[in-house]
Amino acid sequence: MEIVVESSISPRLFGLIQLYFVGSTFFSWLLYLASSQFSTHLFAMKFETLTIHLGNGTHESHGAVVQPITLSTTFEHGNEAGMLYSRANNPNRHSLEQVLAAMEKGEDAAAFSSGNAAGTAVYQALAPGSHIVAPDDMYHGLHNSMVQLFAGIHEVTFVDMSDLEAVKNAIRSNTALFWVESPSNPLLKITDIRRISALAKAQGALLACDNTFATPVFQNPIDLGADIVMHSSTKYFGGHSDILGGALVTAKKDAFWEKIRNVQRIGGAVPSPTDCYYLTRSIRTLAYRMKGHASNAKALAEFLVSHGQVEKVYYPGLASHPNHTVAAQQMHGFGGMVSFTVKGGAADADRVLSKLRFFANATSLGGVESLIERRAAVEGPNTTTPENLLRVSVGLEHIDDLIEDMERALG
Ligand SMILES: Cc1ncc(COP(=O)(O)O)c(C=O)c1O
């Protein structure tokens, strides 16, 4: 922008004004850099600090402490930030992607309009004829994406990813991707990510990890050898059951990542600036919410273990969990999801559901409110989930209220 100064101003004042504008432009540029992808290298920040500051690009916003929502779908050619058109990029998505990459310790991130769009983008980026090794209890929506959308395009073998021999036996010459979901949905199975990464590297294949349940607060798959981290940001990132979104984070900005970027920008399954704004806002409290979810989940799991009407409890934080040792090695906390089977069958589990006051019988997870559902009823006739299994997303209500409610419902 050109600045015209009236000639009545003295040359000395004119010089000062010039200095001010040059200085403030330089300062804005520094701020831009600080909020750009170089920022993690410029300032070392702890997780809680980076979630609050990195997704908040307040430069060029008239001193606002919080970044405004930029609704414009188009941007003037030649602008400094390199924005062009909102499907390709926009300031709110840019800020969201920066904080996502930093949280997951990756080089770059891409935000999508849902978790399924993010996961599907990985399968879209694979060369046709690729073989995928995936968990036998993976999130059913992404399982459906693989078997329905990519039938005749890719091959897939579903195995118990916690059984290393089964994973080895599933490998084919065209295996290009190992898909891990740990903890898994809804059986809370734990996969040894380091070991699967070693298999993937030996095969020259990619390792992608759905980190939705753990979040980067409790697990950093890139540190454990993953190439791509996937999230349904509808869950803990959003945290209030009011935003749909997905994310991919890459360890390296390589040729495969370029393909994913193309799927995002050309395919166009991107979140709106408003959704990006709300996500960056929610992410600022992620670390604190996760601590609350995990502490409530542990207490609820321990209560359920001791209850006579409960058959089995699935929670990686329990010493009785078959992969508790691996979970303790690769996670910094065990998350907020607990599954359990009620003694009897589906009708007995449904009876418990109907009596609960504070747990809404609804799908999804990761919100501040507790949710519960009989998972087999949601997954449909081909599910392998036990009919009497209830999956709980343990919320941030007071744990005494949650336990009292559950005790009454179990009878
Ligand atoms: C583990 C996991 N991955 C992926 C997804 C898909 O995310 P979205 O519903 O945002 O498309 C879900 C949704 O429940 C999930 O639980």
# chains A, B, ... in the order shown; residues from 1 in each chain; ligands from 1

$ closest_atom_pairs --of "chain A" --to "ligand 1" --cutoff "6 Å" --atoms "only C-alpha atoms and all ligand atoms" --output "tab-separated table"
residue	atom	partner	partner_atom_place_in_ligand_line	distance
A:Ser114	CA	ligand 1	10 (O)	4.1
A:Gly115	CA	ligand 1	7 (O)	3.4
A:Asn116	CA	ligand 1	11 (O)	3.7
A:Tyr139	CA	ligand 1	2 (C)	5.2
A:Asn185	CA	ligand 1	1 (C)	5.6
A:Thr212	CA	ligand 1	1 (C)	5.2
A:Ser232	CA	ligand 1	7 (O)	4.2
A:Thr234	CA	ligand 1	10 (O)	4.8
A:Leu244	CA	ligand 1	10 (O)	5.5
A:Gly245	CA	ligand 1	10 (O)	5.2
A:Gly246	CA	ligand 1	10 (O)	5.6
A:Ser364	CA	ligand 1	14 (O)	5.2

$ select_by_dssp --residues "segment 95-233 of chain A" --states "alpha helix (DSSP H)" --output "number ranges by chain"
A: 95-103, 115-125, 140-144, 164-170, 193-203, 215-218

$ select_by_dssp --residues "segment 7-205 of chain A" --states "strand (DSSP E or B)" --output "number ranges by chain"
A: 74, 85, 108-112, 131-135, 155-159, 175-181

$ closest_residue --among "A:Ala109, A:Glu76, A:Pro186, A:Phe340" --to "Lys312 of chain A" --atoms "only C-alpha atoms"
A:Phe340

$ residues_around --residues "Glu369 of chain A" --least-positions-apart "2" --cutoff "9 Å" --atoms "only C-alpha atoms" --output "list in words"
His240, Ser241, Phe358, Phe359, Ala360, Leu365, Gly366, Gly367, Leu371, Ser393, Val394, Gly395, Leu396 and Glu397 of chain A

$ residues_around --residues "Val270 of chain A" --least-positions-apart "2" --cutoff "10 Å" --atoms "only C-alpha atoms" --output "PyMOL selection string"
chain A and resi 86-89+93+110-114+117-118+245-247+264-268+272-273+275-276

$ write_last_selection --atoms "C-alpha atoms" --output "PDB file, in the first residue's frame"
ATOM      1  CA  SER A  86     -10.750 -20.574  -0.633  1.00  0.00           C
ATOM      2  CA  ARG A  87     -10.884 -24.200  -1.839  1.00  0.00           C
ATOM      3  CA  ALA A  88      -7.094 -24.095  -2.329  1.00  0.00           C
ATOM      4  CA  ASN A  89      -6.391 -22.272   0.949  1.00  0.00           C
ATOM      5  CA  ARG A  93      -7.476 -23.167   7.247  1.00  0.00           C
ATOM      6  CA  ALA A 110      -4.141 -30.857   5.439  1.00  0.00           C
ATOM      7  CA  ALA A 111      -7.613 -30.181   6.831  1.00  0.00           C
ATOM      8  CA  PHE A 112     -10.686 -31.910   5.387  1.00  0.00           C
ATOM      9  CA  SER A 113     -14.446 -31.582   5.752  1.00  0.00           C
ATOM     10  CA  SER A 114     -14.693 -34.872   7.728  1.00  0.00           C
ATOM     11  CA  ALA A 117     -12.780 -37.465   3.705  1.00  0.00           C
ATOM     12  CA  ALA A 118      -9.290 -37.343   5.274  1.00  0.00           C
ATOM     13  CA  GLY A 245     -13.859 -32.229  10.277  1.00  0.00           C
ATOM     14  CA  GLY A 246     -10.847 -34.350   9.444  1.00  0.00           C
ATOM     15  CA  ALA A 247      -7.105 -33.958   9.209  1.00  0.00           C
ATOM     16  CA  GLN A 264      -7.632 -32.021  -0.940  1.00  0.00           C
ATOM     17  CA  ARG A 265      -7.472 -29.017  -3.275  1.00  0.00           C
ATOM     18  CA  ILE A 266      -8.846 -30.538  -6.481  1.00  0.00           C
ATOM     19  CA  GLY A 267     -11.261 -32.948  -4.785  1.00  0.00           C
ATOM     20  CA  GLY A 268     -12.375 -30.024  -2.631  1.00  0.00           C
ATOM     21  CA  SER A 272     -15.286 -23.886   5.787  1.00  0.00           C
ATOM     22  CA  PRO A 273     -13.382 -20.934   7.316  1.00  0.00           C
ATOM     23  CA  ASP A 275     -15.332 -24.605  10.906  1.00  0.00           C
ATOM     24  CA  CYS A 276     -11.561 -23.953  10.872  1.00  0.00           C
TER      25      CYS A 276
END

$ closest_residue --among "A:Ile403, A:Val147, A:Val368, A:Ala409" --to "Leu356 of chain A" --atoms "only C-alpha atoms"
A:Ala409

$ atom_distance --atom1 "atom CA of Arg408 of chain A" --atom2 "atom CA of Ser295 of chain A"
21.2 Å

$ closest_residue --among "A:Ala125, A:Asn388, A:Leu286, A:Thr49" --to "Lys259 of chain A" --atoms "only C-alpha atoms"
A:Ala125

$ closest_residue --among "A:Asn361, A:Ala134, A:Lys298, A:His231" --to "Ala166 of chain A" --atoms "only C-alpha atoms"
A:Ala134

$ atom_distance --atom1 "atom CA of Tyr315 of chain A" --atom2 "atom CA of Leu188 of chain A"
6.3 Å
